[in-house]
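Asks: File coords20.cif follows (mmCIF, C-alpha atoms and all ligand atoms):
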```cif
data_structure
#
loop_
_atom_site.group_PDB
_atom_site.id
_atom_site.type_symbol
_atom_site.label_atom_id
_atom_site.label_comp_id
_atom_site.auth_asym_id
_atom_site.auth_seq_id
_atom_site.Cartn_x
_atom_site.Cartn_y
_atom_site.Cartn_z
ATOM 1 C CA MET A 114 -23.022 -33.656 83.380
ATOM 2 C CA PRO A 115 -19.197 -33.603 83.700
ATOM 3 C CA ALA A 116 -17.811 -30.492 85.410
ATOM 4 C CA GLN A 117 -16.307 -27.984 82.994
ATOM 5 C CA ARG A 118 -12.526 -27.819 83.134
ATOM 6 C CA LEU A 119 -11.091 -24.591 84.568
ATOM 7 C CA TRP A 120 -8.819 -22.704 82.151
ATOM 8 C CA PHE A 121 -6.106 -22.993 84.827
ATOM 9 C CA ASP A 122 -6.466 -25.447 87.708
ATOM 10 C CA VAL A 123 -4.208 -24.427 90.599
ATOM 11 C CA SER A 124 -4.247 -27.880 92.232
ATOM 12 C CA LEU A 125 -3.118 -29.524 88.969
ATOM 13 C CA PHE A 126 -0.359 -26.922 88.742
ATOM 14 C CA ASP A 127 0.741 -27.624 92.334
ATOM 15 C CA ASP A 128 0.899 -31.361 91.573
ATOM 16 C CA ALA A 129 2.965 -30.674 88.434
ATOM 17 C CA ARG A 130 5.292 -28.386 90.424
ATOM 18 C CA GLN A 131 5.782 -30.920 93.186
ATOM 19 C CA GLN A 132 6.528 -33.714 90.735
ATOM 20 C CA ARG A 133 9.361 -31.573 89.385
ATOM 21 C CA SER A 134 10.474 -30.187 92.768
ATOM 22 C CA VAL A 135 9.891 -26.628 91.612
ATOM 23 C CA ARG A 136 10.070 -23.897 94.258
ATOM 24 C CA TRP A 137 8.856 -21.025 92.089
ATOM 25 C CA GLY A 138 5.185 -20.598 91.291
ATOM 26 C CA ALA A 139 4.354 -19.694 94.900
ATOM 27 C CA PRO A 140 2.745 -17.324 95.499
ATOM 28 C CA LEU A 141 0.768 -17.752 92.309
ATOM 29 C CA VAL A 142 -1.706 -15.182 90.990
ATOM 30 C CA VAL A 143 -4.153 -16.480 88.384
ATOM 31 C CA LEU A 144 -6.515 -13.984 86.774
ATOM 32 C CA GLU A 145 -9.028 -14.107 84.004
ATOM 33 C CA ARG A 146 -7.844 -10.756 82.635
ATOM 34 C CA ALA A 147 -5.211 -8.074 83.303
ATOM 35 C CA GLY A 148 -3.446 -5.318 81.378
ATOM 36 C CA SER A 149 -0.078 -7.084 81.421
ATOM 37 C CA THR A 150 1.330 -9.828 83.650
ATOM 38 C CA ASN A 151 4.603 -7.860 83.785
ATOM 39 C CA ASP A 152 2.683 -4.979 85.394
ATOM 40 C CA LEU A 153 1.107 -7.360 87.918
ATOM 41 C CA ALA A 154 4.587 -8.555 88.842
ATOM 42 C CA LEU A 155 6.028 -5.011 88.998
ATOM 43 C CA ASP A 156 3.208 -3.973 91.385
ATOM 44 C CA ALA A 157 3.744 -7.067 93.528
ATOM 45 C CA GLU A 158 7.482 -6.373 93.630
ATOM 46 C CA ARG A 159 6.766 -2.928 95.079
ATOM 47 C CA ASP A 160 4.633 -4.611 97.738
ATOM 48 C CA GLY A 161 7.524 -6.930 98.693
ATOM 49 C CA ALA A 162 6.517 -10.172 96.908
ATOM 50 C CA PRO A 163 9.244 -12.856 97.062
ATOM 51 C CA GLU A 164 11.422 -14.259 94.300
ATOM 52 C CA GLY A 165 9.527 -16.849 92.294
ATOM 53 C CA ALA A 166 6.130 -15.144 92.616
ATOM 54 C CA THR A 167 4.300 -16.003 89.392
ATOM 55 C CA PHE A 168 1.456 -14.316 87.515
ATOM 56 C CA VAL A 169 -0.621 -15.968 84.833
ATOM 57 C CA VAL A 170 -3.677 -14.662 83.017
ATOM 58 C CA ARG A 171 -6.108 -15.943 80.439
ATOM 59 C CA GLU A 172 -6.201 -12.601 78.642
ATOM 60 C CA GLN A 173 -3.971 -9.510 78.522
ATOM 61 C CA THR A 174 -5.601 -6.275 77.396
ATOM 62 C CA HIS A 175 -2.258 -4.433 77.032
ATOM 63 C CA GLY A 176 0.285 -7.211 76.589
ATOM 64 C CA ARG A 177 3.591 -5.734 75.523
ATOM 65 C CA GLY A 178 6.575 -6.960 73.603
ATOM 66 C CA ARG A 179 10.012 -5.461 73.124
ATOM 67 C CA ARG A 180 10.602 -2.026 71.646
ATOM 68 C CA GLY A 181 7.103 -0.781 72.458
ATOM 69 C CA ASN A 182 5.355 -3.431 70.359
ATOM 70 C CA ALA A 183 2.033 -4.909 71.445
ATOM 71 C CA TRP A 184 1.959 -8.651 72.209
ATOM 72 C CA TRP A 185 -0.915 -10.374 70.424
ATOM 73 C CA ALA A 186 -2.525 -13.428 72.062
ATOM 74 C CA PRO A 187 -6.177 -14.441 71.745
ATOM 75 C CA PRO A 188 -7.842 -14.996 75.185
ATOM 76 C CA GLY A 189 -7.310 -18.527 76.507
ATOM 77 C CA ASP A 190 -5.140 -19.674 73.630
ATOM 78 C CA ASN A 191 -1.625 -19.092 74.865
ATOM 79 C CA LEU A 192 0.483 -19.179 78.012
ATOM 80 C CA THR A 193 0.930 -15.623 79.219
ATOM 81 C CA CYS A 194 2.917 -15.320 82.418
ATOM 82 C CA SER A 195 5.524 -13.400 84.408
ATOM 83 C CA VAL A 196 7.916 -14.433 87.157
ATOM 84 C CA LEU A 197 9.460 -12.079 89.688
ATOM 85 C CA LEU A 198 13.205 -12.506 90.255
ATOM 86 C CA ARG A 199 15.466 -10.641 92.657
ATOM 87 C CA PRO A 200 18.944 -11.222 91.224
ATOM 88 C CA GLU A 201 20.856 -8.499 93.152
ATOM 89 C CA LEU A 202 23.499 -8.591 90.404
ATOM 90 C CA ASP A 203 24.716 -5.505 88.621
ATOM 91 C CA ALA A 204 22.935 -4.381 85.461
ATOM 92 C CA LYS A 205 25.768 -5.536 83.173
ATOM 93 C CA GLU A 206 25.647 -9.056 84.598
ATOM 94 C CA THR A 207 21.891 -9.383 84.057
ATOM 95 C CA ALA A 208 21.966 -8.074 80.462
ATOM 96 C CA ALA A 209 22.054 -11.629 79.126
ATOM 97 C CA LEU A 210 19.172 -12.875 81.281
ATOM 98 C CA PRO A 211 16.658 -12.803 78.356
ATOM 99 C CA LEU A 212 18.864 -15.309 76.509
ATOM 100 C CA VAL A 213 18.983 -17.599 79.538
ATOM 101 C CA VAL A 214 15.178 -17.416 79.711
ATOM 102 C CA GLY A 215 15.039 -18.098 75.971
ATOM 103 C CA LEU A 216 17.090 -21.284 76.498
ATOM 104 C CA ALA A 217 14.690 -22.416 79.230
ATOM 105 C CA VAL A 218 11.649 -21.854 76.987
ATOM 106 C CA ARG A 219 13.426 -23.552 74.099
ATOM 107 C CA GLU A 220 14.025 -26.652 76.186
ATOM 108 C CA VAL A 221 10.342 -26.937 77.121
ATOM 109 C CA VAL A 222 9.194 -26.489 73.516
ATOM 110 C CA ALA A 223 11.790 -28.925 72.143
ATOM 111 C CA ARG A 224 10.936 -31.600 74.722
ATOM 112 C CA ARG A 225 7.227 -31.291 73.995
ATOM 113 C CA LEU A 226 7.717 -31.515 70.265
ATOM 114 C CA GLU A 227 10.054 -34.485 70.648
ATOM 115 C CA SER A 228 7.817 -36.400 73.029
ATOM 116 C CA GLN A 229 4.465 -35.592 71.456
ATOM 117 C CA GLY A 230 5.236 -34.832 67.835
ATOM 118 C CA ALA A 231 7.468 -37.776 66.979
ATOM 119 C CA VAL A 232 8.070 -36.538 63.444
ATOM 120 C CA LEU A 233 11.248 -37.332 61.605
ATOM 121 C CA SER A 234 11.686 -34.045 59.803
ATOM 122 C CA ALA A 235 10.626 -31.596 62.520
ATOM 123 C CA PRO A 236 12.262 -28.183 62.192
ATOM 124 C CA PRO A 237 14.783 -27.339 64.923
ATOM 125 C CA VAL A 238 13.814 -25.286 67.980
ATOM 126 C CA LEU A 239 16.121 -22.269 68.140
ATOM 127 C CA VAL A 240 16.863 -19.153 70.166
ATOM 128 C CA LYS A 241 17.031 -15.931 68.190
ATOM 129 C CA TRP A 242 18.995 -13.130 69.823
ATOM 130 C CA PRO A 243 17.945 -11.341 71.920
ATOM 131 C CA ASN A 244 14.687 -12.854 73.076
ATOM 132 C CA ASP A 245 12.782 -15.063 70.652
ATOM 133 C CA VAL A 246 12.220 -18.799 70.491
ATOM 134 C CA LEU A 247 11.641 -20.146 66.996
ATOM 135 C CA VAL A 248 10.561 -23.405 65.468
ATOM 136 C CA GLY A 249 12.357 -23.366 62.132
ATOM 137 C CA SER A 250 11.954 -19.741 61.066
ATOM 138 C CA ARG A 251 8.693 -19.074 62.928
ATOM 139 C CA LYS A 252 8.410 -17.482 66.343
ATOM 140 C CA ILE A 253 6.701 -19.607 68.980
ATOM 141 C CA ALA A 254 7.549 -17.546 72.088
ATOM 142 C CA GLY A 255 8.756 -14.116 73.126
ATOM 143 C CA VAL A 256 10.501 -13.013 76.302
ATOM 144 C CA LEU A 257 10.365 -9.553 77.851
ATOM 145 C CA VAL A 258 12.597 -8.927 80.874
ATOM 146 C CA GLU A 259 11.989 -5.635 82.680
ATOM 147 C CA SER A 260 14.308 -4.631 85.508
ATOM 148 C CA ARG A 261 14.200 -2.377 88.508
ATOM 149 C CA LEU A 262 17.500 -0.935 89.726
ATOM 150 C CA ARG A 263 18.599 -0.041 93.252
ATOM 151 C CA LEU A 264 21.936 1.830 93.114
ATOM 152 C CA GLN A 265 23.931 -0.260 90.596
ATOM 153 C CA ALA A 266 22.176 -3.556 91.322
ATOM 154 C CA VAL A 267 19.121 -5.101 89.692
ATOM 155 C CA SER A 268 16.774 -5.402 92.674
ATOM 156 C CA ALA A 269 14.046 -6.993 90.546
ATOM 157 C CA ALA A 270 13.840 -8.560 87.125
ATOM 158 C CA ILE A 271 10.400 -9.341 85.789
ATOM 159 C CA VAL A 272 10.577 -12.233 83.355
ATOM 160 C CA GLY A 273 7.557 -12.105 81.032
ATOM 161 C CA ILE A 274 6.942 -15.040 78.719
ATOM 162 C CA GLY A 275 4.364 -15.400 75.974
ATOM 163 C CA LEU A 276 4.261 -18.938 74.578
ATOM 164 C CA ASN A 277 1.925 -19.694 71.690
ATOM 165 C CA VAL A 278 0.119 -22.889 72.613
ATOM 166 C CA ARG A 279 -3.274 -23.285 70.920
ATOM 167 C CA THR A 280 -3.436 -20.600 68.255
ATOM 168 C CA ARG A 281 -3.707 -22.246 64.857
ATOM 169 C CA VAL A 282 -4.566 -19.239 62.719
ATOM 170 C CA PHE A 283 -2.604 -15.996 63.062
ATOM 171 C CA PRO A 284 -3.604 -12.547 61.785
ATOM 172 C CA GLU A 285 -2.283 -11.599 58.381
ATOM 173 C CA GLU A 286 0.630 -9.533 59.722
ATOM 174 C CA LEU A 287 1.928 -12.526 61.740
ATOM 175 C CA ALA A 288 1.025 -15.332 59.353
ATOM 176 C CA GLY A 289 4.204 -16.905 57.985
ATOM 177 C CA GLN A 290 6.228 -15.584 60.940
ATOM 178 C CA ALA A 291 4.495 -17.152 63.947
ATOM 179 C CA THR A 292 3.656 -20.650 65.078
ATOM 180 C CA SER A 293 2.313 -22.478 68.129
ATOM 181 C CA LEU A 294 2.601 -25.877 69.812
ATOM 182 C CA ALA A 295 -0.754 -26.836 68.293
ATOM 183 C CA ARG A 296 0.486 -26.019 64.796
ATOM 184 C CA GLU A 297 3.769 -27.851 65.290
ATOM 185 C CA LEU A 298 2.009 -30.905 66.713
ATOM 186 C CA ARG A 299 -0.304 -31.127 63.733
ATOM 187 C CA PRO A 300 0.172 -34.221 61.613
ATOM 188 C CA ARG A 301 2.904 -33.693 59.058
ATOM 189 C CA ARG A 302 2.947 -37.203 57.694
ATOM 190 C CA THR A 303 0.268 -39.223 56.077
ATOM 191 C CA SER A 304 0.104 -42.949 56.576
ATOM 192 C CA ARG A 305 0.623 -45.414 53.707
ATOM 193 C CA SER A 306 -3.107 -45.540 53.175
ATOM 194 C CA GLY A 307 -3.051 -41.768 52.593
ATOM 195 C CA THR A 308 -5.008 -40.877 55.739
ATOM 196 C CA SER A 309 -3.464 -38.314 58.050
ATOM 197 C CA GLN A 310 -2.342 -39.155 61.595
ATOM 198 C CA PRO A 311 -4.561 -37.939 64.454
ATOM 199 C CA THR A 312 -3.785 -34.430 65.703
ATOM 200 C CA GLU A 313 -1.896 -34.226 69.009
ATOM 201 C CA GLU A 314 -3.525 -32.053 71.645
ATOM 202 C CA PRO A 315 -1.274 -29.280 72.971
ATOM 203 C CA PRO A 316 -0.279 -29.828 76.622
ATOM 204 C CA PRO A 317 -2.311 -28.226 79.439
ATOM 205 C CA PHE A 318 -1.192 -24.802 80.718
ATOM 206 C CA GLU A 319 -0.622 -26.130 84.263
ATOM 207 C CA GLU A 320 1.982 -28.634 83.043
ATOM 208 C CA LEU A 321 3.610 -26.202 80.659
ATOM 209 C CA LEU A 322 3.989 -23.550 83.348
ATOM 210 C CA ALA A 323 5.478 -26.073 85.803
ATOM 211 C CA GLU A 324 7.910 -27.256 83.109
ATOM 212 C CA LEU A 325 8.871 -23.681 82.265
ATOM 213 C CA LEU A 326 9.495 -22.808 85.904
ATOM 214 C CA ALA A 327 11.552 -25.981 86.427
ATOM 215 C CA SER A 328 13.734 -25.224 83.425
ATOM 216 C CA LEU A 329 14.062 -21.553 84.343
ATOM 217 C CA GLU A 330 14.811 -22.181 88.002
ATOM 218 C CA ARG A 331 17.628 -24.583 87.135
ATOM 219 C CA ARG A 332 19.215 -22.213 84.658
ATOM 220 C CA TYR A 333 18.835 -19.203 86.918
ATOM 221 C CA GLU A 334 20.787 -20.989 89.683
ATOM 222 C CA ARG A 335 23.552 -21.681 87.179
ATOM 223 C CA PHE A 336 23.416 -18.103 85.873
ATOM 224 C CA ARG A 337 23.927 -16.774 89.401
ATOM 225 C CA SER A 338 26.739 -19.147 90.263
ATOM 226 C CA GLY A 339 28.552 -19.568 86.921
ATOM 227 C CA GLY A 340 27.528 -16.446 84.991
ATOM 228 C CA PHE A 341 26.360 -16.244 81.409
ATOM 229 C CA SER A 342 29.507 -17.769 79.924
ATOM 230 C CA SER A 343 28.389 -21.186 81.205
ATOM 231 C CA PHE A 344 25.539 -21.041 78.621
ATOM 232 C CA LEU A 345 27.614 -20.204 75.555
ATOM 233 C CA ALA A 346 28.106 -23.804 74.429
ATOM 234 C CA GLU A 347 24.378 -24.547 74.681
ATOM 235 C CA LEU A 348 23.548 -21.349 72.799
ATOM 236 C CA GLU A 349 25.969 -22.120 70.022
ATOM 237 C CA ILE A 350 24.023 -25.278 69.179
ATOM 238 C CA CYS A 351 20.657 -23.556 68.921
ATOM 239 C CA ASP A 352 21.557 -20.044 67.744
ATOM 240 C CA ALA A 353 19.075 -19.114 64.992
ATOM 241 C CA LEU A 354 21.332 -16.392 63.571
ATOM 242 C CA ARG A 355 24.836 -17.826 63.612
ATOM 243 C CA GLY A 356 26.385 -17.674 60.134
ATOM 244 C CA ARG A 357 23.384 -15.896 58.645
ATOM 245 C CA PRO A 358 23.473 -12.537 56.844
ATOM 246 C CA VAL A 359 21.609 -10.009 58.995
ATOM 247 C CA ARG A 360 20.748 -6.350 59.322
ATOM 248 C CA VAL A 361 20.554 -4.769 62.778
ATOM 249 C CA ASP A 362 19.097 -1.275 62.637
ATOM 250 C CA GLY A 363 20.985 -0.339 59.474
ATOM 251 C CA LEU A 364 24.180 -2.286 60.242
ATOM 252 C CA LEU A 365 24.758 -5.080 57.712
ATOM 253 C CA GLY A 366 26.877 -8.155 58.322
ATOM 254 C CA THR A 367 26.996 -11.811 59.235
ATOM 255 C CA ALA A 368 25.992 -13.020 62.688
ATOM 256 C CA ALA A 369 28.995 -14.669 64.334
ATOM 257 C CA GLY A 370 27.490 -15.959 67.555
ATOM 258 C CA ILE A 371 26.927 -14.448 70.966
ATOM 259 C CA GLY A 372 29.608 -12.964 73.212
ATOM 260 C CA ALA A 373 30.227 -13.683 76.889
ATOM 261 C CA ASP A 374 28.440 -10.407 77.686
ATOM 262 C CA GLY A 375 25.290 -11.490 75.799
ATOM 263 C CA ALA A 376 25.950 -9.158 72.847
ATOM 264 C CA LEU A 377 25.370 -10.284 69.266
ATOM 265 C CA ARG A 378 28.660 -10.539 67.383
ATOM 266 C CA LEU A 379 28.252 -9.163 63.907
ATOM 267 C CA VAL A 380 30.998 -9.166 61.314
ATOM 268 C CA ASP A 381 30.451 -6.483 58.683
ATOM 269 C CA ASP A 382 31.339 -6.850 55.028
ATOM 270 C CA THR A 383 34.820 -5.365 55.624
ATOM 271 C CA GLY A 384 35.561 -8.032 58.248
ATOM 272 C CA ILE A 385 35.224 -5.782 61.313
ATOM 273 C CA GLU A 386 33.429 -7.320 64.275
ATOM 274 C CA HIS A 387 30.758 -5.254 66.048
ATOM 275 C CA ARG A 388 29.196 -6.055 69.416
ATOM 276 C CA VAL A 389 25.481 -5.302 69.279
ATOM 277 C CA HIS A 390 23.908 -4.844 72.711
ATOM 278 C CA SER A 391 20.375 -4.019 71.621
ATOM 279 C CA GLY A 392 18.466 -3.714 68.399
ATOM 280 C CA HIS A 393 16.098 -5.363 65.996
ATOM 281 C CA VAL A 394 17.567 -8.125 63.851
ATOM 282 C CA GLU A 395 16.311 -8.908 60.380
ATOM 283 C CA LEU A 396 17.576 -11.755 58.255
ATOM 284 C CA ARG A 397 18.710 -10.497 54.858
HETATM 285 C C1 LIG B 1 8.586 -9.958 72.401
HETATM 286 O O1 LIG B 1 8.728 -10.941 71.676
HETATM 287 O O2 LIG B 1 8.640 -8.806 71.938
HETATM 288 C C2 LIG B 1 8.346 -10.185 73.867
HETATM 289 C C3 LIG B 1 6.947 -10.629 74.142
HETATM 290 C C4 LIG B 1 6.676 -10.871 75.607
HETATM 291 C C5 LIG B 1 5.217 -11.128 75.878
HETATM 292 C C6 LIG B 1 4.964 -11.525 77.309
HETATM 293 S S1 LIG B 1 3.337 -12.133 77.569
HETATM 294 C C7 LIG B 1 3.594 -12.108 79.285
HETATM 295 C C8 LIG B 1 4.367 -10.845 79.603
HETATM 296 N N1 LIG B 1 3.461 -9.715 79.789
HETATM 297 C C9 LIG B 1 3.609 -8.786 78.837
HETATM 298 O O3 LIG B 1 2.950 -7.724 78.750
HETATM 299 N N2 LIG B 1 4.563 -9.167 77.973
HETATM 300 C C10 LIG B 1 5.162 -10.433 78.350
#
```
Rewrite the structure of this file - the entire thing - as structure tokens.
Ligand code: BTN

Replies:
Amino acid sequence: MPAQRLWFDVSLFDDARQQRSVRWGAPLVVLERAGSTNDLALDAERDGAPEGATFVVREQTHGRGRRGNAWWAPPGDNLTCSVLLRPELDAKETAALPLVVGLAVREVVARRLESQGAVLSAPPVLVKWPNDVLVGSRKIAGVLVESRLRLQAVSAAIVGIGLNVRTRVFPEELAGQATSLARELRPRRTSRSGTSQPTEEPPPFEELLAELLASLERRYERFRSGGFSSFLAELEICDALRGRPVRVDGLLGTAAGIGADGALRLVDDTGIEHRVHSGHVELR
């Protein structure tokens, strides 16, 4: 009888990391279940874990999203992980870190859809300020960065990422708003004979995590040396909100891109530009 595949095989992950020359992902903590991977990383930070320490679980019992929301992910379906960073930059400089993480996640999703999906009319993969990755208008990943301050500097930033990989059916409250790699890789075209193309399998978690760390590590180096402004051109191309009418916590206007400080630029109906540093954005 063939051996059953582990949900996360550390030696496959190490191979995938080495192929991409990734330093992060060591030490690696893999657990069947935990409250939240961000809490695992926060505890490890207190115990002196190094930058790049990574935490991945099959199931979170208290996964959290932004603004006190719960993060929903069925056990074993999705990539649920956190990475410990020690930026030692001041709090203002790290404010835009969630967007840099969003760009890294976006790249991994876009590459996978391009290489595996091969569909002509695939929706674009976008970053929605401040922390979402979308395929078309549906969210495929969320980012939660939680920081610890020492004096004015961010001594630790926990980068939590939830990437929907295998979930095909979402609960009613998320249906229509959420998607996953499995859903996006489903056949969209039918052949001339009318039969649908075979379904693509979503990539294994070990490869996805190595790809995410590679993309994140590269961008983080650039973020530390060149600051957030070096990402503005990339963000402009994949900004989900730019030019769209939005409401941010009662403020109505049109999204006009992202500023060099990571704030959302919002032009209200009288033409005045506001800089929004935090809030919940709804498309109008
Ligand atoms: C959001 O979209 O509101 C952010 C969601 C972030 C979810 C991830 S899953 C891994 C990490 N651990 C958590 O408890 N949350 C983040």

Asks: Let me see if you get this right: every residue at most 9 Å from ligand LIG 1 (chain B), counting all atoms listed in the file, written as an NGL selection string.

Replies: :A and (148-153 or 168-170 or 173-186 or 191-195 or 244-246 or 252 or 254-258 or 271-276)

Asks: Report the closest atom pair, with its distance in Å rounded to one decimal, for each residue of segment 183-277 of chain A that has an atom no farther than 12 Å from segment 322-341 of chain A; count all atoms listed in the file, sort by chain and then rising residue number, and write it as JSON lines.

Replies:
```
{"residue": "A:Asn191", "atom": "CA", "partner": "A:Leu322", "partner_atom": "CA", "distance": 11.1}
{"residue": "A:Leu192", "atom": "CA", "partner": "A:Leu322", "partner_atom": "CA", "distance": 7.7}
{"residue": "A:Thr193", "atom": "CA", "partner": "A:Leu322", "partner_atom": "CA", "distance": 9.4}
{"residue": "A:Cys194", "atom": "CA", "partner": "A:Leu322", "partner_atom": "CA", "distance": 8.4}
{"residue": "A:Ser195", "atom": "CA", "partner": "A:Leu322", "partner_atom": "CA", "distance": 10.3}
{"residue": "A:Val196", "atom": "CA", "partner": "A:Leu326", "partner_atom": "CA", "distance": 8.6}
{"residue": "A:Leu197", "atom": "CA", "partner": "A:Leu326", "partner_atom": "CA", "distance": 11.4}
{"residue": "A:Leu198", "atom": "CA", "partner": "A:Tyr333", "partner_atom": "CA", "distance": 9.4}
{"residue": "A:Arg199", "atom": "CA", "partner": "A:Tyr333", "partner_atom": "CA", "distance": 10.8}
{"residue": "A:Pro200", "atom": "CA", "partner": "A:Arg337", "partner_atom": "CA", "distance": 7.7}
{"residue": "A:Glu201", "atom": "CA", "partner": "A:Arg337", "partner_atom": "CA", "distance": 9.6}
{"residue": "A:Leu202", "atom": "CA", "partner": "A:Arg337", "partner_atom": "CA", "distance": 8.3}
{"residue": "A:Asp203", "atom": "CA", "partner": "A:Arg337", "partner_atom": "CA", "distance": 11.3}
{"residue": "A:Lys205", "atom": "CA", "partner": "A:Phe341", "partner_atom": "CA", "distance": 10.9}
{"residue": "A:Glu206", "atom": "CA", "partner": "A:Gly340", "partner_atom": "CA", "distance": 7.6}
{"residue": "A:Thr207", "atom": "CA", "partner": "A:Phe341", "partner_atom": "CA", "distance": 8.6}
{"residue": "A:Ala208", "atom": "CA", "partner": "A:Phe341", "partner_atom": "CA", "distance": 9.3}
{"residue": "A:Ala209", "atom": "CA", "partner": "A:Phe341", "partner_atom": "CA", "distance": 6.7}
{"residue": "A:Leu210", "atom": "CA", "partner": "A:Phe341", "partner_atom": "CA", "distance": 7.9}
{"residue": "A:Pro211", "atom": "CA", "partner": "A:Phe341", "partner_atom": "CA", "distance": 10.7}
{"residue": "A:Leu212", "atom": "CA", "partner": "A:Phe341", "partner_atom": "CA", "distance": 9.0}
{"residue": "A:Val213", "atom": "CA", "partner": "A:Arg332", "partner_atom": "CA", "distance": 6.9}
{"residue": "A:Val214", "atom": "CA", "partner": "A:Leu329", "partner_atom": "CA", "distance": 6.3}
{"residue": "A:Gly215", "atom": "CA", "partner": "A:Leu329", "partner_atom": "CA", "distance": 9.1}
{"residue": "A:Leu216", "atom": "CA", "partner": "A:Leu329", "partner_atom": "CA", "distance": 8.4}
{"residue": "A:Ala217", "atom": "CA", "partner": "A:Ser328", "partner_atom": "CA", "distance": 5.1}
{"residue": "A:Val218", "atom": "CA", "partner": "A:Leu325", "partner_atom": "CA", "distance": 6.2}
{"residue": "A:Arg219", "atom": "CA", "partner": "A:Leu325", "partner_atom": "CA", "distance": 9.4}
{"residue": "A:Glu220", "atom": "CA", "partner": "A:Ser328", "partner_atom": "CA", "distance": 7.4}
{"residue": "A:Val221", "atom": "CA", "partner": "A:Leu325", "partner_atom": "CA", "distance": 6.3}
{"residue": "A:Val222", "atom": "CA", "partner": "A:Leu325", "partner_atom": "CA", "distance": 9.2}
{"residue": "A:Ala223", "atom": "CA", "partner": "A:Glu324", "partner_atom": "CA", "distance": 11.8}
{"residue": "A:Arg224", "atom": "CA", "partner": "A:Glu324", "partner_atom": "CA", "distance": 9.9}
{"residue": "A:Arg225", "atom": "CA", "partner": "A:Glu324", "partner_atom": "CA", "distance": 10.0}
{"residue": "A:Ala254", "atom": "CA", "partner": "A:Leu325", "partner_atom": "CA", "distance": 12.0}
{"residue": "A:Ala270", "atom": "CA", "partner": "A:Tyr333", "partner_atom": "CA", "distance": 11.8}
{"residue": "A:Val272", "atom": "CA", "partner": "A:Leu329", "partner_atom": "CA", "distance": 10.0}
{"residue": "A:Gly273", "atom": "CA", "partner": "A:Leu325", "partner_atom": "CA", "distance": 11.7}
{"residue": "A:Ile274", "atom": "CA", "partner": "A:Leu325", "partner_atom": "CA", "distance": 9.5}
{"residue": "A:Gly275", "atom": "CA", "partner": "A:Leu322", "partner_atom": "CA", "distance": 11.0}
{"residue": "A:Leu276", "atom": "CA", "partner": "A:Leu322", "partner_atom": "CA", "distance": 9.9}
```

Asks: Here is a test: counting only C-alpha atoms, which residue of A:Arg171, A:His393, A:Arg251, A:Arg130 is nearest to Leu144 of chain A?

Replies: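 Between A:Arg171, A:His393, A:Arg251, A:Arg130, the residue approaching Leu144 of chain A most closely is A:Arg171.
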
Asks: Please expand the PyMOL selection byres (((chain A and resi 349-365) around 7) and not hetatm) into the concrete residues it hits in this file, giving the result as a VMD selection string.

Replies: chain A and resid 239 to 241 345 to 348 366 to 370 381 392 to 397

Asks: Using Å and a single decimal, report how far atom CA of Gly249 of chain A sits from atom CA of Glu286 of chain A.

Replies: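 Atom-to-atom, atom CA of Glu286 of chain A and atom CA of Gly249 of chain A are spaced 18.3 Å apart.
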
Asks: Give the answer as one residue: which of A:Glu259, A:Glu164, A:Asp156, A:Asp122 has the shortest atom-to-atom distance to Trp137 of chain A, using all atoms listed in the file?

Replies: A:Glu164

Asks: With all atoms listed in the file as the atoms that count, which of A:Ala147, A:Ala204, A:Leu321, A:Leu377 lies nearest to Ala266 of chain A?

Replies: A:Ala204
